[in-house]
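Below is one structure, written out as structure tokens; the observations come after it.
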Amino acid sequence: MITGRNVTTPPTVHVICPIYNGRVFLPSFLDSLQAQTHAQWVLWVRDDGSSDDSGAIVRSYADRDGRIRVLDHDGERRGAAQAFRWLWDRIPGAADYVMFADQDDVWLPEKITRTLEAMRTAEAERDGAVLVHTDLVVVDAALREIAPSFWQFAGIDVHSTSLSRVVVRNMVTGNTAMINRALRECTGSISSDAVMHDWWVACVAAAFGRVVALPYASVLYRQHGANTIGVRRSAAHASWRELPAESLNAFARSAKVRADIAIAARQAMAFVSAYGAALPERDRIFLHEYARMPSQGFLRRKWDVVRMQLLPGNGLLRNVGLLLRA
């Protein structure tokens, strides 16, 4: 049962979007937001120290559209993760639904409508914290299609939603996510040790609520070489001609894989520190063990990858490569 508001009134969806030197792509994003079939939204923007005219572009839109709010800030360059965290802390407490946005994407017209429908269906089934996320269309800088499904392109298993899976690999792309008020309240502030805002919130949803995947591509996910988080095709989908190159690349990326594991492990420790008292014992044990992985010896790390079932299960080559690089 949905409580706390009049269900006959279309709810306001609050969208948070830090911007940084995005003048080339911002108008396309803002135009796509204004073209949404669900018109009850508010966009909260932080200019994260742009050196171009991004701030002026957003303010010009805000002058013509009262739904766009540009928040004053200290002028400090925080980076994407901390800029999202800053905005998260400033959304009105009464907001029922929050979405994340990236300045360089294009939202398809029914993105909010369809995500909200899936959210309200999930809420009607039972109370509690819910995160709904969708697929994306991968496009280049000129919006030419690269792949119709980001989930397939990147080899993402959206059905593995246990905390032990999500803390290892985030399957939620933030610019597709909608969070309800129960999940916001359950999350509280996002830790400064969070790798990214969407990953942290997805972990909270996996631990204490539900992660709902809507098989609909709601965003044109632009790849242009300057993305904070970009797209890499899964090796599981490489052709046989590409396998030798993929094998060499797997070894070449060893240092990055170990660095990524260390970052995720630090986030896991922060997560168990923040929410450990409320977690089941099995989740606390897993998080502690995963957090210790970077400090383990060479052979112990390999054993932990197998013992903790950390291989993604989407291709022999990728799994062997990950095991060798961990």
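Residue numbers start at 1 in each chain; chains themselves are named A, B, ... in the order of the structure tokens; ligands are numbered from 1 in the order shown.
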
Review point. Tell me, which residues of stretch 50-228 of chain A carry DSSP alpha helix (DSSP H), written as number ranges by chain?
Key: A: 54-64, 80-88, 111-125, 150-154, 163-166, 181-187, 197-208

Check your understanding: Neighbours of A:Ser164 within 8 Å (only C-alpha atoms; same-chain residues fewer than 5 positions away dropped), as a ChimeraX atom specification?
Key -> /A:283,286-287

Determine, for each residue of stretch 36-93 of chain A having at least one atom at most 7 Å from an atom of stretch 11-32 of chain A, the closest pair of atoms and their separation in Å to one decimal, counting only C-alpha atoms; order by chain and ascending number, as CSV.
residue,atom,partner,partner_atom,distance
A:Gln36,CA,A:Ser32,CA,6.6
A:Gln40,CA,A:Thr12,CA,4.8
A:Trp41,CA,A:Val13,CA,4.5
A:Val42,CA,A:His14,CA,4.9
A:Leu43,CA,A:Val15,CA,4.7
A:Trp44,CA,A:Ile16,CA,4.8
A:Val45,CA,A:Cys17,CA,5.1
A:Arg46,CA,A:Pro18,CA,4.6
A:Asp47,CA,A:Ile19,CA,4.9
A:Asp48,CA,A:Tyr20,CA,5.4
A:Gly49,CA,A:Tyr20,CA,6.5
A:Ser50,CA,A:Tyr20,CA,4.8
A:Ser51,CA,A:Asn21,CA,6.3
A:Asp52,CA,A:Asn21,CA,5.4
A:Asp53,CA,A:Arg23,CA,6.3
A:Ser54,CA,A:Arg23,CA,4.8
A:Ala83,CA,A:Pro18,CA,6.0
A:Phe84,CA,A:Pro18,CA,6.2
A:Leu87,CA,A:Ile16,CA,6.5

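Minimum atom-to-atom distance to A:His133, evaluated using only C-alpha atoms, belongs to A:Asp198 out of A:Asp193, A:Asp89, A:Asp198, A:Glu145.
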
Do a neighbour search on A:Arg282 at 12 Å with only C-alpha atoms, toss out local chain neighbours closer than 2 positions, and write the hits as a PDB file with C-alpha atoms, in the first residue's frame.
ATOM      1  CA  SER A 162      22.012 -10.195  -3.496  1.00  0.00           C
ATOM      2  CA  LEU A 163      24.292  -7.896  -1.502  1.00  0.00           C
ATOM      3  CA  SER A 164      27.252 -10.233  -2.021  1.00  0.00           C
ATOM      4  CA  ALA A 207      20.733  -5.382   1.615  1.00  0.00           C
ATOM      5  CA  VAL A 272      29.691  -2.857   6.817  1.00  0.00           C
ATOM      6  CA  GLY A 276      26.745  -3.820   9.867  1.00  0.00           C
ATOM      7  CA  ALA A 278      21.454  -4.294  10.747  1.00  0.00           C
ATOM      8  CA  LEU A 279      22.920  -6.884   8.357  1.00  0.00           C
ATOM      9  CA  PRO A 280      22.502 -10.660   8.585  1.00  0.00           C
ATOM     10  CA  ARG A 284      28.743  -9.181   7.554  1.00  0.00           C
ATOM     11  CA  ILE A 285      31.124 -12.115   7.180  1.00  0.00           C
ATOM     12  CA  PHE A 286      31.212 -11.781   3.383  1.00  0.00           C
ATOM     13  CA  LEU A 287      31.863  -8.031   3.516  1.00  0.00           C
ATOM     14  CA  HIS A 288      34.674  -8.410   6.038  1.00  0.00           C
ATOM     15  CA  GLU A 289      36.294 -11.169   3.977  1.00  0.00           C
ATOM     16  CA  MET A 308      33.624 -16.491  -2.506  1.00  0.00           C
TER      17      MET A 308
END

Exercise for review: Give the answer as one residue: which of A:Arg90, A:Arg222, A:His38, A:Arg258 has the shortest atom-to-atom distance to A:Gln103, using only C-alpha atoms?
Suggested key: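 Closest to A:Gln103 of all the choices is A:Arg222.
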
Check your understanding: How far is it from atom CA of A:Gly128 to atom CA of A:Tyr97, in Å with one decimal?
Key ->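 Pair atom CA of A:Gly128 / atom CA of A:Tyr97 returns 13.1 Å.
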
Review point. Leaving out A:Arg181 and any residue of its chain fewer than 5 positions from it, which residues lie within 8 Å of it when counting only C-alpha atoms, given as a PyMOL selection string?
Key: chain A and resi 94-98+129

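In this model, the gap between atom CA of A:Ala147 and atom CA of A:Val219 comes to 12.1 Å.
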
Review point. A:Val172: which residues within 12 Å, counting only C-alpha atoms, same-chain residues fewer than 5 positions away excluded, as a PyMOL selection string?
Key: chain A and resi 100+131-136+150-151+156-161+165-167+177-179+196-203+205-206+211-214

Restricted to C-alpha atoms, what would the selected residues look like written as a PDB file, in the first residue's frame?
ATOM      1  CA  PHE A 100      20.131  10.493 -11.046  1.00  0.00           C
ATOM      2  CA  LEU A 131      15.367   0.868  -6.557  1.00  0.00           C
ATOM      3  CA  VAL A 132      14.150   0.551 -10.146  1.00  0.00           C
ATOM      4  CA  HIS A 133      16.657   0.715 -12.994  1.00  0.00           C
ATOM      5  CA  THR A 134      16.514   0.203 -16.745  1.00  0.00           C
ATOM      6  CA  ASP A 135      18.637  -0.769 -19.714  1.00  0.00           C
ATOM      7  CA  LEU A 136      20.323   1.807 -21.969  1.00  0.00           C
ATOM      8  CA  PHE A 150      23.963  -1.889 -22.568  1.00  0.00           C
ATOM      9  CA  TRP A 151      23.123  -4.887 -20.378  1.00  0.00           C
ATOM     10  CA  ILE A 156      25.631  -7.404 -16.968  1.00  0.00           C
ATOM     11  CA  ASP A 157      23.512  -9.890 -15.038  1.00  0.00           C
ATOM     12  CA  VAL A 158      20.682  -7.761 -13.717  1.00  0.00           C
ATOM     13  CA  HIS A 159      19.117 -10.700 -11.876  1.00  0.00           C
ATOM     14  CA  SER A 160      21.986 -11.168  -9.388  1.00  0.00           C
ATOM     15  CA  THR A 161      20.713  -8.753  -6.768  1.00  0.00           C
ATOM     16  CA  ARG A 165      26.827  -9.853  -5.798  1.00  0.00           C
ATOM     17  CA  VAL A 166      26.106  -6.137  -5.915  1.00  0.00           C
ATOM     18  CA  VAL A 167      29.011  -5.177  -3.652  1.00  0.00           C
ATOM     19  CA  ALA A 177      17.781   4.569 -11.505  1.00  0.00           C
ATOM     20  CA  MET A 178      14.755   5.708  -9.504  1.00  0.00           C
ATOM     21  CA  ILE A 179      14.817   5.538  -5.698  1.00  0.00           C
ATOM     22  CA  MET A 196      29.959   6.026  -6.838  1.00  0.00           C
ATOM     23  CA  HIS A 197      26.594   7.156  -5.529  1.00  0.00           C
ATOM     24  CA  ASP A 198      24.598   4.616  -7.575  1.00  0.00           C
ATOM     25  CA  TRP A 199      26.714   1.670  -6.427  1.00  0.00           C
ATOM     26  CA  TRP A 200      26.314   2.606  -2.771  1.00  0.00           C
ATOM     27  CA  VAL A 201      22.547   3.049  -3.026  1.00  0.00           C
ATOM     28  CA  ALA A 202      22.250  -0.203  -4.998  1.00  0.00           C
ATOM     29  CA  CYS A 203      24.059  -1.987  -2.151  1.00  0.00           C
ATOM     30  CA  ALA A 205      18.664  -1.654  -1.807  1.00  0.00           C
ATOM     31  CA  ALA A 206      20.161  -5.142  -2.135  1.00  0.00           C
ATOM     32  CA  VAL A 211      16.437  -3.945  -6.855  1.00  0.00           C
ATOM     33  CA  VAL A 212      13.983  -4.095  -9.767  1.00  0.00           C
ATOM     34  CA  ALA A 213      15.292  -4.306 -13.341  1.00  0.00           C
ATOM     35  CA  LEU A 214      12.950  -2.888 -15.999  1.00  0.00           C
TER      36      LEU A 214
END

**Study point:** One-decimal distance in Å that lies between atom CA of A:Gly93 and atom CA of A:Gly188
**Key:**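 Separating atom CA of A:Gly188 from atom CA of A:Gly93 is a distance of 10.6 Å.
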
Strand (DSSP E) positions in stretch 115-277 of chain A, given as a short mmCIF file (atom, residue, chain, number, x, y, z; two decimals) with N, CA and C atoms, in the first residue's frame:
data_model
loop_
_atom_site.label_atom_id
_atom_site.label_comp_id
_atom_site.auth_asym_id
_atom_site.auth_seq_id
_atom_site.Cartn_x
_atom_site.Cartn_y
_atom_site.Cartn_z
N VAL A 130 12.89 0.48 -2.43
CA VAL A 130 12.91 -0.02 -3.80
C VAL A 130 13.81 0.86 -4.66
N LEU A 131 14.62 0.21 -5.49
CA LEU A 131 15.37 0.87 -6.56
C LEU A 131 14.95 0.21 -7.86
N VAL A 132 14.49 1.03 -8.80
CA VAL A 132 14.15 0.55 -10.15
C VAL A 132 15.19 1.10 -11.11
N HIS A 133 15.72 0.24 -11.98
CA HIS A 133 16.66 0.71 -12.99
C HIS A 133 16.34 0.06 -14.33
N THR A 134 16.84 0.66 -15.39
CA THR A 134 16.51 0.20 -16.75
C THR A 134 17.79 -0.07 -17.55
N ASP A 135 17.58 -0.60 -18.74
CA ASP A 135 18.64 -0.77 -19.71
C ASP A 135 18.92 0.58 -20.38
N LEU A 136 19.95 0.60 -21.23
CA LEU A 136 20.32 1.81 -21.97
C LEU A 136 20.68 1.44 -23.40
N VAL A 137 20.57 2.41 -24.30
CA VAL A 137 21.09 2.27 -25.65
C VAL A 137 22.47 2.93 -25.67
N VAL A 138 23.49 2.18 -26.07
CA VAL A 138 24.84 2.73 -26.14
C VAL A 138 25.01 3.45 -27.47
N VAL A 139 25.42 4.72 -27.40
CA VAL A 139 25.58 5.54 -28.61
C VAL A 139 26.93 6.25 -28.57
N ASP A 140 27.36 6.77 -29.73
CA ASP A 140 28.59 7.54 -29.76
C ASP A 140 28.29 9.01 -29.50
N GLU A 145 23.92 4.77 -32.90
CA GLU A 145 23.83 3.59 -32.05
C GLU A 145 25.06 2.69 -32.17
N ILE A 146 25.59 2.29 -31.01
CA ILE A 146 26.67 1.31 -30.93
C ILE A 146 26.09 -0.05 -30.55
N ALA A 147 25.16 -0.05 -29.61
CA ALA A 147 24.53 -1.29 -29.17
C ALA A 147 23.15 -0.96 -28.62
N MET A 178 15.72 4.96 -10.31
CA MET A 178 14.75 5.71 -9.50
C MET A 178 14.73 5.10 -8.10
N ILE A 179 14.75 5.95 -7.10
CA ILE A 179 14.82 5.54 -5.70
C ILE A 179 13.59 6.07 -4.98
N ASN A 180 12.93 5.24 -4.18
CA ASN A 180 11.77 5.75 -3.44
C ASN A 180 12.20 6.31 -2.09
N ARG A 210 14.68 -3.93 -2.33
CA ARG A 210 14.61 -4.64 -3.61
C ARG A 210 15.26 -3.83 -4.72
N VAL A 211 15.92 -4.54 -5.63
CA VAL A 211 16.44 -3.95 -6.86
C VAL A 211 15.62 -4.52 -8.00
N VAL A 212 14.89 -3.66 -8.70
CA VAL A 212 13.98 -4.09 -9.77
C VAL A 212 14.55 -3.65 -11.11
N ALA A 213 14.79 -4.61 -12.00
CA ALA A 213 15.29 -4.31 -13.34
C ALA A 213 14.13 -4.23 -14.32
N LEU A 214 13.99 -3.09 -14.98
CA LEU A 214 12.95 -2.89 -16.00
C LEU A 214 13.59 -3.05 -17.38
N PRO A 215 13.22 -4.10 -18.13
CA PRO A 215 13.87 -4.37 -19.42
C PRO A 215 13.42 -3.41 -20.52
N TYR A 216 13.81 -2.19 -20.37
CA TYR A 216 13.44 -1.12 -21.29
C TYR A 216 14.62 -0.16 -21.34
N ALA A 217 15.09 0.19 -22.50
CA ALA A 217 16.20 1.13 -22.65
C ALA A 217 15.67 2.55 -22.59
N SER A 218 15.99 3.25 -21.51
CA SER A 218 15.39 4.55 -21.24
C SER A 218 16.30 5.72 -21.57
N VAL A 219 17.56 5.44 -21.88
CA VAL A 219 18.55 6.50 -22.04
C VAL A 219 19.42 6.21 -23.26
N LEU A 220 19.76 7.24 -24.01
CA LEU A 220 20.84 7.15 -24.99
C LEU A 220 22.13 7.45 -24.24
N TYR A 221 22.92 6.40 -24.01
CA TYR A 221 24.10 6.45 -23.15
C TYR A 221 25.31 6.83 -24.00
N ARG A 222 25.64 8.10 -23.98
CA ARG A 222 26.63 8.64 -24.90
C ARG A 222 28.05 8.29 -24.46
N GLN A 223 28.86 7.77 -25.40
CA GLN A 223 30.26 7.47 -25.17
C GLN A 223 31.10 8.40 -26.03
#

Point to revise | Residue nearest A:Gly66 - candidates A:Asn175, A:Gln34, A:Ser273, A:Tyr290, atoms counted: only C-alpha atoms | key: A:Gln34

Check your understanding: Skipping near chain neighbours, those fewer than 6 positions away, what residues fall within 8 Å of A:Ala265 using only C-alpha atoms, listed as a list in words?
Key ->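 Listed by chain and then number, they are Tyr290, Ala291, Arg292, Met293 and Pro294 of chain A.
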